[in-house]
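What follows is protein-v4.txt (compact mmCIF, C-alpha atoms).
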```txt
# COMPACT_ATOMS: atom_id res chain seq x y z
CA MET A 274 36.04 10.89 19.90
CA ALA A 275 36.81 13.85 17.62
CA GLY A 276 39.81 13.54 15.30
CA PRO A 277 42.00 16.25 13.77
CA CYS A 278 40.33 19.49 12.79
CA PRO A 279 39.05 19.23 9.19
CA LYS A 280 39.68 22.97 8.66
CA CYS A 281 43.26 23.45 9.85
CA GLY A 282 44.39 19.89 10.64
CA SER A 283 45.31 20.76 14.21
CA ASN A 284 45.11 18.12 16.93
CA ASP A 285 44.50 20.66 19.70
CA ILE A 286 40.86 19.78 20.37
CA ASP A 287 39.08 21.00 23.49
CA THR A 288 36.42 18.40 24.48
CA ASP A 289 33.64 19.19 26.97
CA GLY A 290 32.05 15.86 27.96
CA ALA A 291 29.27 17.47 29.99
CA ARG A 292 28.05 19.59 27.09
CA GLY A 293 28.92 17.06 24.38
CA GLU A 294 31.03 19.58 22.45
CA ALA A 295 34.42 19.43 20.75
CA VAL A 296 36.10 22.67 19.57
CA CYS A 297 39.41 23.25 17.81
CA THR A 298 41.50 25.64 19.93
CA ASN A 299 43.57 26.70 16.92
CA CYS A 300 40.86 27.99 14.57
CA GLY A 301 37.71 27.75 16.71
CA HIS A 302 35.91 25.29 14.43
CA VAL A 303 33.18 23.26 16.23
CA LEU A 304 33.77 19.58 15.49
CA GLU A 305 30.97 18.09 17.62
CA GLU A 306 27.92 19.58 19.24
CA CYS A 307 25.08 18.20 21.41
CA VAL A 308 26.57 14.70 21.47
CA ILE A 309 24.78 12.16 23.67
CA VAL A 310 27.10 11.20 26.53
CA SER A 311 26.87 8.71 29.36
CA GLU A 312 28.13 11.18 31.98
CA VAL A 313 25.70 12.91 34.34
CA GLN A 314 26.78 16.23 35.85
CA PHE A 315 24.88 18.63 38.08
CA SER A 316 25.06 22.35 38.56
CA GLU A 317 23.98 24.44 41.56
CA SER A 318 21.89 27.55 41.16
CA ALA A 319 22.15 30.76 43.20
CA GLY A 320 19.38 29.51 45.51
CA GLY A 321 21.22 26.28 46.26
CA GLN A 322 19.02 24.01 44.11
CA SER A 323 20.65 21.28 42.05
CA SER A 324 19.83 20.74 38.37
CA VAL A 325 21.11 18.26 35.83
CA VAL A 326 23.20 19.44 32.90
CA GLY A 327 21.54 18.28 29.67
CA GLN A 328 18.66 15.85 29.30
CA PHE A 329 18.17 12.17 29.90
CA VAL A 330 17.33 10.25 26.68
CA PRO A 331 15.83 6.79 27.30
CA GLU A 332 15.41 4.11 24.66
CA SER A 333 11.75 4.82 23.88
CA GLY A 334 11.38 8.56 24.35
CA LEU A 335 12.45 11.76 26.06
CA SER A 336 12.42 12.38 29.78
CA SER A 337 13.80 15.40 31.60
CA PHE A 338 15.33 15.80 35.03
CA ARG A 339 13.53 18.11 37.41
CA SER A 340 14.71 19.08 40.86
CA GLY A 341 13.50 21.35 43.59
CA PRO A 342 10.43 21.46 45.84
CA GLY A 343 7.93 18.80 44.83
CA TYR A 344 10.17 17.16 42.22
CA SER A 345 12.63 14.32 42.57
CA GLY A 346 14.49 12.52 39.78
CA PHE A 347 13.47 11.96 36.17
CA SER A 348 9.86 12.61 35.11
CA LYS A 349 8.23 11.11 31.99
CA ASP A 350 6.27 13.17 29.51
CA SER A 351 2.73 12.24 28.49
CA ARG A 352 3.81 10.37 25.35
CA GLU A 353 6.20 8.20 27.33
CA VAL A 354 3.43 7.39 29.80
CA THR A 355 1.07 6.47 26.94
CA LEU A 356 3.66 4.16 25.38
CA SER A 357 4.33 2.52 28.72
CA ASN A 358 0.62 1.92 29.34
CA GLY A 359 0.27 0.60 25.78
CA ARG A 360 3.04 -1.94 26.28
CA ARG A 361 1.39 -3.15 29.46
CA VAL A 362 -2.02 -3.51 27.79
CA ILE A 363 -0.51 -5.28 24.77
CA GLN A 364 1.19 -7.86 26.96
CA HIS A 365 -1.98 -8.44 28.96
CA MET A 366 -4.22 -8.83 25.90
CA ALA A 367 -1.67 -11.03 24.13
CA GLY A 368 -1.63 -13.31 27.15
CA LEU A 369 -5.41 -13.65 27.05
CA LEU A 370 -5.35 -14.55 23.35
CA ARG A 371 -2.24 -16.77 23.65
CA LEU A 372 -0.05 -14.76 21.33
CA VAL A 373 3.72 -15.21 21.37
CA ALA A 374 6.39 -12.64 22.22
CA HIS A 375 7.09 -11.89 18.55
CA HIS A 376 3.50 -10.75 18.06
CA VAL A 377 3.82 -8.50 21.11
CA ASP A 378 6.97 -6.83 19.76
CA VAL A 379 5.43 -6.10 16.36
CA ALA A 380 2.21 -4.82 17.96
CA GLN A 381 4.23 -2.43 20.12
CA ARG A 382 5.79 -0.91 17.01
CA PHE A 383 2.35 -0.43 15.47
CA PHE A 384 1.13 1.17 18.70
CA GLN A 385 4.12 3.53 18.71
CA GLN A 386 3.18 4.66 15.20
CA ALA A 387 -0.39 5.22 16.39
CA VAL A 388 0.89 7.46 19.18
CA GLN A 389 3.23 9.36 16.87
CA ARG A 390 0.37 10.06 14.43
CA ASN A 391 -2.01 11.04 17.26
CA PHE A 392 -4.36 8.18 16.36
CA ILE A 393 -4.71 7.42 20.07
CA GLN A 394 -6.40 10.75 20.78
CA GLY A 395 -10.12 10.41 21.35
CA ARG A 396 -9.93 6.60 21.47
CA LYS A 397 -9.42 4.12 24.27
CA THR A 398 -5.99 2.58 24.58
CA HIS A 399 -7.47 -0.94 24.71
CA THR A 400 -9.23 -0.37 21.37
CA VAL A 401 -6.07 0.79 19.58
CA VAL A 402 -4.10 -2.07 21.15
CA ALA A 403 -6.65 -4.61 19.90
CA VAL A 404 -6.38 -3.16 16.38
CA CYS A 405 -2.58 -3.37 16.48
CA LEU A 406 -2.65 -6.99 17.62
CA TYR A 407 -5.25 -7.92 15.00
CA ILE A 408 -3.10 -6.44 12.23
CA VAL A 409 -0.21 -8.58 13.46
CA CYS A 410 -2.46 -11.67 13.45
CA ARG A 411 -3.54 -10.93 9.89
CA LYS A 412 0.05 -10.50 8.74
CA GLN A 413 1.24 -13.62 10.57
CA ARG A 414 -1.80 -15.65 9.35
CA THR A 415 -2.94 -16.85 12.76
CA SER A 416 -6.42 -18.22 13.48
CA HIS A 417 -7.55 -15.19 15.49
CA MET A 418 -10.63 -13.30 14.34
CA LEU A 419 -11.69 -9.72 14.95
CA ILE A 420 -14.62 -10.92 17.04
CA ASP A 421 -12.14 -12.55 19.46
CA PHE A 422 -10.69 -9.14 20.27
CA ALA A 423 -14.18 -7.65 20.50
CA GLU A 424 -15.12 -10.28 23.09
CA VAL A 425 -12.04 -9.50 25.15
CA LEU A 426 -12.92 -5.80 25.10
CA GLN A 427 -16.67 -6.41 25.51
CA MET A 428 -17.46 -4.04 22.64
CA ASP A 429 -19.31 -4.16 19.33
CA VAL A 430 -17.27 -5.90 16.65
CA TYR A 431 -18.43 -3.39 14.02
CA GLU A 432 -17.11 -0.47 16.08
CA LEU A 433 -13.78 -2.23 16.44
CA GLY A 434 -13.78 -2.97 12.72
CA SER A 435 -14.32 0.71 11.97
CA VAL A 436 -11.25 1.66 14.02
CA PHE A 437 -9.29 -1.11 12.29
CA LEU A 438 -10.16 0.22 8.83
CA LYS A 439 -9.26 3.80 9.79
CA PHE A 440 -5.89 2.73 11.20
CA THR A 441 -4.94 0.62 8.18
CA LYS A 442 -5.92 3.51 5.91
CA LEU A 443 -3.82 5.94 7.98
CA LEU A 444 -0.69 3.77 7.77
CA HIS A 445 -1.42 2.58 4.19
CA ILE A 446 -1.37 -1.05 5.31
CA LYS A 447 -2.49 -3.52 2.64
CA LEU A 448 -3.61 -6.88 3.97
CA ASP A 449 -4.30 -9.97 1.91
CA PRO A 450 -7.83 -11.40 1.89
CA ILE A 451 -8.47 -13.78 4.77
CA ASP A 452 -7.85 -17.44 3.95
CA PRO A 453 -10.78 -19.52 5.31
CA SER A 454 -8.49 -22.53 5.72
CA LEU A 455 -6.84 -20.83 8.71
CA TYR A 456 -9.96 -21.37 10.82
CA ILE A 457 -11.02 -24.87 9.76
CA HIS A 458 -9.00 -26.79 12.36
CA ARG A 459 -9.93 -24.32 15.08
CA PHE A 460 -13.67 -24.71 14.46
CA ALA A 461 -13.41 -28.46 13.91
CA SER A 462 -11.81 -28.95 17.32
CA MET A 463 -14.68 -27.01 18.91
CA LEU A 464 -17.31 -29.29 17.35
CA GLU A 465 -16.05 -32.39 19.22
CA PHE A 466 -15.56 -34.89 16.42
CA GLY A 467 -13.28 -37.01 18.58
CA ASP A 468 -10.70 -39.12 16.77
CA LYS A 469 -12.07 -38.06 13.39
CA THR A 470 -11.43 -34.37 13.91
CA GLN A 471 -8.48 -34.44 11.52
CA GLN A 472 -10.44 -36.29 8.84
CA VAL A 473 -13.43 -33.95 9.10
CA ALA A 474 -11.13 -30.92 8.93
CA LEU A 475 -9.30 -32.27 5.88
CA THR A 476 -12.57 -32.95 4.07
CA ALA A 477 -13.76 -29.46 4.96
CA LEU A 478 -10.53 -28.05 3.50
CA ARG A 479 -11.23 -29.90 0.26
CA ILE A 480 -14.78 -28.52 0.17
CA VAL A 481 -13.50 -25.00 0.76
CA ALA A 482 -10.97 -25.51 -2.05
CA ARG A 483 -13.82 -26.43 -4.38
CA MET A 484 -15.77 -23.37 -3.21
CA ASN A 485 -12.77 -21.28 -4.15
CA ARG A 486 -12.80 -22.76 -7.65
CA ASP A 487 -16.48 -21.86 -7.91
CA TRP A 488 -15.86 -18.25 -6.79
CA MET A 489 -17.85 -18.70 -3.61
CA ILE A 490 -15.08 -17.30 -1.42
CA THR A 491 -14.85 -14.05 -3.38
CA GLY A 492 -16.61 -11.29 -1.46
CA ARG A 493 -17.63 -13.62 1.36
CA ARG A 494 -16.57 -13.60 4.99
CA PRO A 495 -14.53 -16.65 5.97
CA ALA A 496 -16.80 -17.69 8.86
CA GLY A 497 -19.71 -18.50 6.56
CA ILE A 498 -17.47 -20.47 4.19
CA CYS A 499 -15.98 -22.45 7.09
CA GLY A 500 -19.41 -23.13 8.54
CA ALA A 501 -20.79 -24.50 5.27
CA GLY A 502 -17.68 -26.62 4.68
CA LEU A 503 -17.75 -28.09 8.18
CA LEU A 504 -21.47 -28.84 8.07
CA ILE A 505 -21.16 -30.72 4.77
CA SER A 506 -18.01 -32.49 5.95
CA SER A 507 -19.65 -33.60 9.22
CA LYS A 508 -22.55 -35.15 7.32
CA MET A 509 -20.14 -36.90 4.96
CA HIS A 510 -18.49 -38.52 8.02
CA ASN A 511 -21.88 -39.48 9.57
CA PHE A 512 -21.87 -36.84 12.32
CA LYS A 513 -25.16 -35.21 13.24
CA ARG A 514 -24.46 -31.52 13.58
CA THR A 515 -27.31 -29.06 13.14
CA GLU A 516 -27.10 -25.71 11.42
CA ALA A 517 -27.63 -24.00 14.76
CA GLN A 518 -24.64 -25.80 16.31
CA ILE A 519 -22.37 -24.89 13.41
CA ALA A 520 -23.58 -21.28 13.39
CA GLN A 521 -22.91 -20.95 17.11
CA VAL A 522 -19.34 -22.22 16.77
CA VAL A 523 -18.37 -20.10 13.75
CA ARG A 524 -20.35 -17.11 15.11
CA ILE A 525 -22.70 -16.40 12.24
CA CYS A 526 -26.48 -16.39 11.94
CA ASP A 527 -28.44 -19.35 10.57
CA GLY A 528 -29.51 -17.34 7.52
CA THR A 529 -25.91 -16.74 6.42
CA LEU A 530 -25.10 -20.43 6.75
CA ARG A 531 -28.18 -21.46 4.76
CA LYS A 532 -27.29 -18.98 2.02
CA ARG A 533 -23.79 -20.45 1.67
CA LEU A 534 -25.33 -23.93 1.47
CA THR A 535 -27.76 -22.76 -1.22
CA GLU A 536 -24.89 -21.33 -3.26
CA PHE A 537 -22.94 -24.57 -2.87
CA ASP A 538 -25.99 -26.53 -4.03
CA GLU A 539 -25.83 -24.67 -7.35
CA THR A 540 -22.30 -25.92 -8.10
CA GLN A 541 -21.34 -29.08 -9.95
CA VAL A 542 -19.75 -30.76 -6.94
CA SER A 543 -23.10 -30.89 -5.11
CA ASP A 544 -24.22 -33.63 -7.54
CA MET A 545 -21.30 -35.90 -6.61
CA THR A 546 -21.46 -38.81 -4.20
CA VAL A 547 -19.17 -39.07 -1.18
CA GLU A 548 -17.04 -41.72 -2.93
CA GLU A 549 -16.66 -39.61 -6.06
CA PHE A 550 -15.68 -36.60 -3.97
CA HIS A 551 -12.97 -38.52 -2.09
CA ASP A 552 -11.67 -40.13 -5.31
CA ALA A 553 -11.04 -36.67 -6.74
CA PHE A 554 -8.56 -36.06 -3.89
CA LYS A 555 -7.09 -39.55 -3.62
CA GLY A 556 -3.68 -39.38 -1.99
CA GLY A 557 -3.99 -35.76 -0.97
CA THR A 558 -3.52 -35.89 2.83
CA THR A 559 -1.78 -33.36 5.04
CA SER A 560 -2.09 -32.21 8.64
CA ASP A 561 -1.35 -28.56 8.00
CA ALA A 562 -4.46 -26.45 7.39
CA ALA A 563 -3.03 -23.91 4.98
CA ALA A 564 -0.97 -26.51 3.11
CA GLY A 565 -4.01 -28.78 2.91
CA PHE A 566 -6.06 -25.97 1.43
CA ARG A 567 -3.44 -25.21 -1.21
CA ALA A 568 -2.89 -28.89 -2.01
CA ALA A 569 -6.63 -29.47 -2.38
CA ASN A 570 -7.00 -26.40 -4.57
CA GLU A 571 -4.15 -27.51 -6.84
CA ARG A 572 -5.20 -31.15 -7.12
CA TRP A 573 -8.69 -30.36 -8.41
CA GLN A 574 -8.27 -30.63 -12.16
CA TRP A 575 -11.82 -29.85 -13.23
CA ASP A 576 -12.41 -27.06 -15.68
CA THR A 577 -15.23 -24.89 -14.40
CA SER A 578 -16.73 -21.66 -15.65
CA CYS A 579 -18.96 -21.02 -12.66
CA ALA A 580 -19.41 -17.29 -12.21
CA PRO A 581 -19.17 -15.56 -8.82
CA PRO A 582 -22.49 -15.46 -6.91
CA ALA A 583 -22.59 -11.65 -7.07
CA LEU A 584 -22.19 -11.75 -10.85
CA LYS A 585 -24.90 -14.38 -11.20
CA ASN A 586 -27.24 -12.30 -9.05
CA ASN A 587 -26.59 -9.23 -11.22
CA GLN A 588 -27.18 -11.22 -14.38
CA LYS A 589 -30.44 -12.56 -12.97
CA ALA A 590 -31.54 -9.04 -12.00
CA GLU A 591 -30.76 -7.78 -15.51
CA LYS A 592 -32.78 -10.61 -17.07
CA ASP A 593 -35.72 -9.89 -14.77
CA LEU A 594 -35.54 -6.21 -15.68
CA GLU A 595 -35.54 -7.00 -19.40
CA ALA A 596 -38.49 -9.36 -18.95
CA ARG A 597 -40.45 -6.67 -17.10
CA LYS A 598 -39.70 -4.16 -19.85
CA LYS A 599 -40.91 -6.60 -22.50
CA ARG A 600 -44.13 -7.29 -20.60
CA ALA A 601 -44.71 -3.57 -20.15
CA ALA A 602 -44.09 -2.98 -23.87
CA ALA A 603 -46.49 -5.81 -24.78
CA LYS A 604 -49.20 -4.35 -22.56
CA ALA A 605 -48.69 -0.91 -24.05
CA ALA A 606 -48.93 -2.33 -27.57
CA ALA A 607 -52.11 -4.22 -26.68
CA LYS A 608 -53.72 -1.08 -25.27
CA ALA A 609 -52.71 0.89 -28.36
CA ALA A 610 -54.26 -1.77 -30.61
CA GLU A 611 -57.50 -1.73 -28.62
CA ALA A 612 -57.67 2.05 -28.83
CA ALA A 613 -57.09 1.99 -32.59
CA GLY A 614 -59.76 -0.71 -33.09
```
Could you express the structure from this file as structure tokens?
Amino acid sequence: MAGPCPKCGSNDIDTDGARGEAVCTNCGHVLEECVIVSEVQFSESAGGQSSVVGQFVPESGLSSFRSGPGYSGFSKDSREVTLSNGRRVIQHMAGLLRLVAHHVDVAQRFFQQAVQRNFIQGRKTHTVVAVCLYIVCRKQRTSHMLIDFAEVLQMDVYELGSVFLKFTKLLHIKLDPIDPSLYIHRFASMLEFGDKTQQVALTALRIVARMNRDWMITGRRPAGICGAGLLISSKMHNFKRTEAQIAQVVRICDGTLRKRLTEFDETQVSDMTVEEFHDAFKGGTTSDAAAGFRAANERWQWDTSCAPPALKNNQKAEKDLEARKKRAAAKAAAKAAEAAG
């Protein structure tokens, strides 16, 4: 409610609730204008048609009242319809992926920003919704992968990843690198280790921690790291799991898994026995995947100077190039000597 007039101090204020205005009758100063009110009033035109005074403002957008032939009540604009459909799709997709209500609420806010920035134009609503939910999963550190959303949508994961990168660039969203430990327990439960699932998962976490110390995680997708860790861990616990079985569970090709194993074979820990490996982590047990990964990474006290695989490959390529140049120079010198002789 308007108080005394700030210009003349008069308390004679004329308030019009229908228009949301408050005017001082003494000096004519407008105290309030276009105030949102809870009252609904109608006016009648010369033709006898009724129309609402003002506009209806809902919580999520703007809707106007239209009356007359062919119209009845409040009608939503296109943006309001898009937001409503987006909320429905988000709830449906979250139910399929077993996401909680908090994830749904955050995803709805991301989807609203996508609509406001016209990111939805030219793209399917389901695709933008999947991107919003995946961003929430990355921020909340859940065990959901981008390929899970691609399977729900029945679309190429690389196309979905392209939309994801464009949306994060549009909103300037910076996400931390994916922690492979988030997926260890999920994949371990799918490999049917029985009562030893927890032990296999914990050993795999320790292996992944060692891979992190050896720079194997840098620049690598988490699925390949998890697959290599689980395959080595299963063999350490006397389970016969083939590379094809592991690759099918973690959703990578056999070649990627073999390459991670080859890189692991070049590290110092590959020369250890099973007993020596477990002694290095004696007393380090935990049921939480992320905490187990951090505990394993902190307990390993070895000093290592193992370079990242990409750096080692570049160094090897540079050495090969220098060797080829030397051989070419030697051949040129030999031909020059023959010509001079």
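If only C-alpha atoms are the atoms counted, then among A:Arg390, A:His551, A:Arg494, A:Lys508 the closest residue to Ile525 (chain A) is A:Arg494.
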Exercise. Write out as a ChimeraX atom specification which residues come within 12 Å of Asp378 (chain A) when counting only C-alpha atoms, dropping same-chain ones fewer than 4 positions away.
Key: /A:359-361,363-364,367,372-374,382-385,405-406,409
Quiz prompt | Arg531 (chain A) environment, 12 Å, only C-alpha atoms, sequence neighbours closer than 5 positions dropped, as an NGL selection string | solution = :A and (497-498 or 500-502 or 504-505 or 515-517 or 519-520 or 525-526 or 536-538)
Quiz item: Please, which residues are within 8 Å of (-8.5, -20.6, 7.6) by the file's coordinates, counting only C-alpha atoms, and could they come as a PyMOL selection string?
Solution: chain A and resi 416+451-458+495+499+562-563
Quiz item: What separation in Å, quoted to one decimal, exists between CA of Thr398 (chain A) and CA of Pro450 (chain A)?
Solution: 26.7 Å
Self-check item: For Ile420 (chain A), the nearest of the candidates A:Val481, A:Lys532, A:Val523, A:Met509, counting all atoms listed in the file
Solution: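 Using all atoms listed in the file, the shortest distance to Ile420 (chain A) belongs to A:Val523.
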Quiz item: Which residue out of A:Thr529, A:Phe422, A:Asp544, A:Phe550 has the minimum interatomic distance to Ile480 (chain A) when only C-alpha atoms are used?
Solution: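 Answer, going by the shortest atom-to-atom distance: A:Phe550.
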Quiz item: A:His365, A:His417, A:Lys598, A:His375: which is nearest Val402 (chain A), counting only C-alpha atoms?
Solution: A:His365
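With all atoms listed in the file as the basis for measurement, A:Ala387 is the residue among A:Ala601, A:Ala477, A:Ala387, A:Ala590 that approaches Thr441 (chain A) most closely.
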Quiz prompt | Separation of CA of Ser351 (chain A) from CA of Val404 (chain A), in Å and rounded to one decimal | solution =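 CA of Val404 (chain A) lies 21.6 Å from CA of Ser351 (chain A).
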Quiz prompt | Between CA of Ala609 (chain A) and CA of Arg597 (chain A), distance in Å (one decimal) | solution = 18.3 Å
